Amino acid sequence: MELIQSFSVDHTRIVPGIFTSRVDTLGEYSVTTYDVRLKKPNKEPVVDVAAMHTLEHIIATYLRNDPDWKDEVVYWGPMGCLTGFYLILKGSRAPKEIYGLLLGAFKYVEGAEEVPGASPVNCGNYLMHNLEMAKWYAREFADYLAANADNDAIFEYPKTERLVTNEGQNFFDS
């Protein structure tokens with residue numbers, strides 16, 4: 001099987017930031033998947049599960065209500081490794097073009113007083129939320145984004161070079 005694109009990123013070198021994970025063309029339309037990475041993989045503790053769930057609810061609600069972006073949002077959800085989120089938007093924009101949107105989203109979390117959709121009718125695990133921890137992670141990431149706005153490393157994926165033999169066999173060790 002081919003290695004999927006998100007596994008071609010050198011996770012030993014990635015830093016928190018906003019990255020283009022992939023651009024897919026669907027007929028005449030394109031959608032872009034962004035990697036919104038809050039933590040250094042395999043170096044920092046991952047985001048607490050309950051806080052991650054809370055961040056998902058609040059930021060998904062924020063994005064889908066933003067008057068300038070709501071019609072562009074396809075998906076917002078957590079990575080299985082709990083180091084960040086995936087954002088899928090219609091079209092193709094550079095990560096720097098969505099910087100303001102995401103900075104605003106994470107700053108919005110800090111002022112949240114409740115978790116939208118945190119009821120048994122609206123959520124499959126409504127008791128697993130932690131608003132205070134979500135605020136802490138949101139503040140940490142918003143401060144990081146603001147401090148690194150001019151640092152290209154938070155917008156450009158480090159890629160892993162993979163050795164391929166003449167017969168087409170891939171070697172996946174880094």
# chains A, B, ... in the order shown; residues from 1 in each chain; ligands from 1
$ residues_around --residues "stretch 13-18 of chain A" --least-positions-apart "4" --cutoff "12 Å" --atoms "only C-alpha atoms" --output "ChimeraX atom specification"
/A:6-9,33-44,46,83-87,93-103,140-160,174
$ residues_around --residues "A:Ala112" --least-positions-apart "2" --cutoff "9 Å" --atoms "only C-alpha atoms" --output "list in words"
Ile58, Tyr108, Val109, Glu110, Glu114, Val115, Leu131 and Lys135 of chain A
$ closest_residue --among "A:His129, A:Lys90, A:Arg139, A:Lys70" --to "A:Thr25" --atoms "only C-alpha atoms"
A:Lys90
$ closest_residue --among "A:Met1, A:Ile88, A:Val73, A:Ala105" --to "A:Phe19" --atoms "only C-alpha atoms"
A:Ile88
$ select_by_dssp --residues "chain A" --states "alpha helix (DSSP H)" --output "PyMOL selection string"
chain A and resi 49-63+95-110+131-147
$ atom_distance --atom1 "atom CA of A:Trp76" --atom2 "atom CA of A:Leu63"
8.3 Å
$ select_by_dssp --residues "chain A" --states "strand (DSSP E or B)" --output "count of residues only"
38
$ closest_residue --among "A:Gly91, A:Ile59, A:Pro67, A:Tyr137" --to "A:Glu28" --atoms "only C-alpha atoms"
A:Gly91
$ closest_residue --among "A:Ala134, A:Asp48, A:Val23, A:Asn125" --to "A:Cys81" --atoms "only C-alpha atoms"
A:Asp48
$ closest_residue --among "A:Ala50, A:Met79, A:Leu89, A:Val74" --to "A:Thr32" --atoms "only C-alpha atoms"
A:Leu89
$ closest_residue --among "A:Asp10, A:Glu113, A:Asp68, A:Glu2" --to "A:Thr54" --atoms "only C-alpha atoms"
A:Glu113
$ atom_distance --atom1 "atom CA of A:Val49" --atom2 "atom CA of A:Ala118"
14.8 Å
$ atom_distance --atom1 "atom CA of A:Val47" --atom2 "atom CA of A:His11"
16.3 Å
